[in-house]
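K.L.:
Just dropping this structure here.
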Amino acid sequence: MAITALYKLKQNWQNAYDTSLKRLKLLIGAILIVGIISTMPSFFRSIESRNGVVLNDWVLTHLPAYDVSVPIFAIIWGMGVLMLVRAFYKPAVCTTYIWTLIFICIARFISITLVKLNPPVGLVPLIDPLSSCFYGHAAITRDLFFSGHTSTMVMIYLNLEKRSDKVIAFIAAIVVMFLLLIQHIHYTMDVLAAPVIVYCLYRFTRSLDL
């Protein structure tokens with residue numbers, strides 16, 4: 001039984017990347033992701049050193065600020081594991097996921113550079129030892145517009161295929177968006193803009209047949 005499952009899994013990967021072009025798209029995407037990750041610490045350090053504006057956010061004004069780092073990252077990393085498992089058995093989604101992530105990272109670099117914001121009033125630092133390496137193990141508070149955590153959740157939702165998975169991912173995304181506001185990590189517009197931008201980038205990626 002196990003041998004049959006392994007053979008089927010091998011066939012899935014071979015069928016998903018049965019041409020040199022498909023393999024090349026995956027390879028280039030993986031290389032670009034590594035390059036983007038390597039630039040993140042210096043980029044976030046540079047934006048942290050600048051000054052921006054503080055927005056008058058009506059929603060945050062009426063929300064108490066609490067440290068909900070643990071549930072935020074428990075949900076994000078839990079959904080990340082689910083996405084990884086699904087991609088392992090449905091390898092065709094890997095290329096789309098990777099290239100969507102590339103476009104999201106580029107879009108965030110641009111939007112964060114252009115939209116200079118100071119942290120919201122009452123911000124409670126978000127601590128996650130697993131993802132802190134992307135920030136150079138420094139406290140980053142000015143990577144605001146648009147929300148990277150929300151983007152991750154929406155991207156996972158869009159790439160999952162099973163209906164039950166999508167329902168779970170949708171609920172998880174809504175909960176994370178709310179918790180980010182509770183922690184005052186983002187302005188409301190950062191959180192609300194992310195799903196729209198990510199969806200557009202996902203559709204763009206699909207239109208390129210990546």
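Within each chain, counting starts at residue 1; across the structure tokens, chains are named A, B, ... in the order shown, with ligands numbered 1 upward in that order.
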Which residues come within 12 Å of Leu192 of chain A, counting only C-alpha atoms, excluding same-chain residues fewer than 5 positions away, as JSON, numbers by chain?

P.N.:
{"A": [59, 144, 145, 146, 147, 148, 149, 150, 151, 154, 173, 174, 176, 177, 178, 180, 181, 186, 187, 197, 198]}

K.L.:
Any chance you could list, as a count of residues only, the residues in chain A that come up helix (DSSP H, G or I) when DSSP is run on the backbone?

P.N.:
148

K.L.:
Which polymer residues have any atom within 7 Å of an atom of segment 117-130 of chain A, counting only C-alpha atoms, with same-chain residues fewer than 5 positions away left out, as a list in words?

P.N.:
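Everything that qualifies: Asn51, Gly52, Val53, Val54, Ala65, Tyr66, Asp67, Ser69, Phe73, Thr141, Arg142, Leu144, Gln183, His184, Ile185, His186 and Tyr187 of chain A.
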
K.L.:
For Ile76 of chain A, which of A:Tyr202, A:Tyr157, A:Phe103, A:Trp58 is the closest residue, counting only C-alpha atoms?

P.N.:
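Smallest separation from Ile76 of chain A among the options: A:Tyr157.
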
K.L.:
Mind giving me the straight-line distance from atom CA of Phe204 of chain A to atom CA of Thr96 of chain A in Å, one decimal?

P.N.:
10.3 Å

K.L.:
Mind checking which residues fall within 12 Å of Lys22 of chain A, counting only C-alpha atoms, ignoring those fewer than 4 positions away in the same chain, and posting them as a PyMOL selection string?

P.N.:
chain A and resi 13-18+26-29+91-96+209-210

K.L.:
Work out how far atom CA of Trp77 of chain A is from atom CA of Ser164 of chain A, in Å to one decimal.

P.N.:
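Here the two named atoms are 18.1 Å from each other.
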
K.L.:
When you count only C-alpha atoms, which of these residues is closest to Val70 of chain A: A:Met83, A:Ile140, A:Leu179, A:Ile47?

P.N.:
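Ranking A:Met83, A:Ile140, A:Leu179, A:Ile47 by distance to Val70 of chain A, first place goes to A:Leu179.
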
K.L.:
Quote the spacing between atom CA of Met153 of chain A and atom CA of Thr205 of chain A in Å to one decimal place.

P.N.:
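Atom CA of Met153 of chain A sits 17.1 Å away from atom CA of Thr205 of chain A.
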
K.L.:
Measuring atom to atom with only C-alpha atoms, identify which of A:Leu6, A:Ala169, A:Ile102, A:Leu82 is nearest to Leu32 of chain A.

P.N.:
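For Leu32 of chain A, the nearest of the given residues is A:Ile102.
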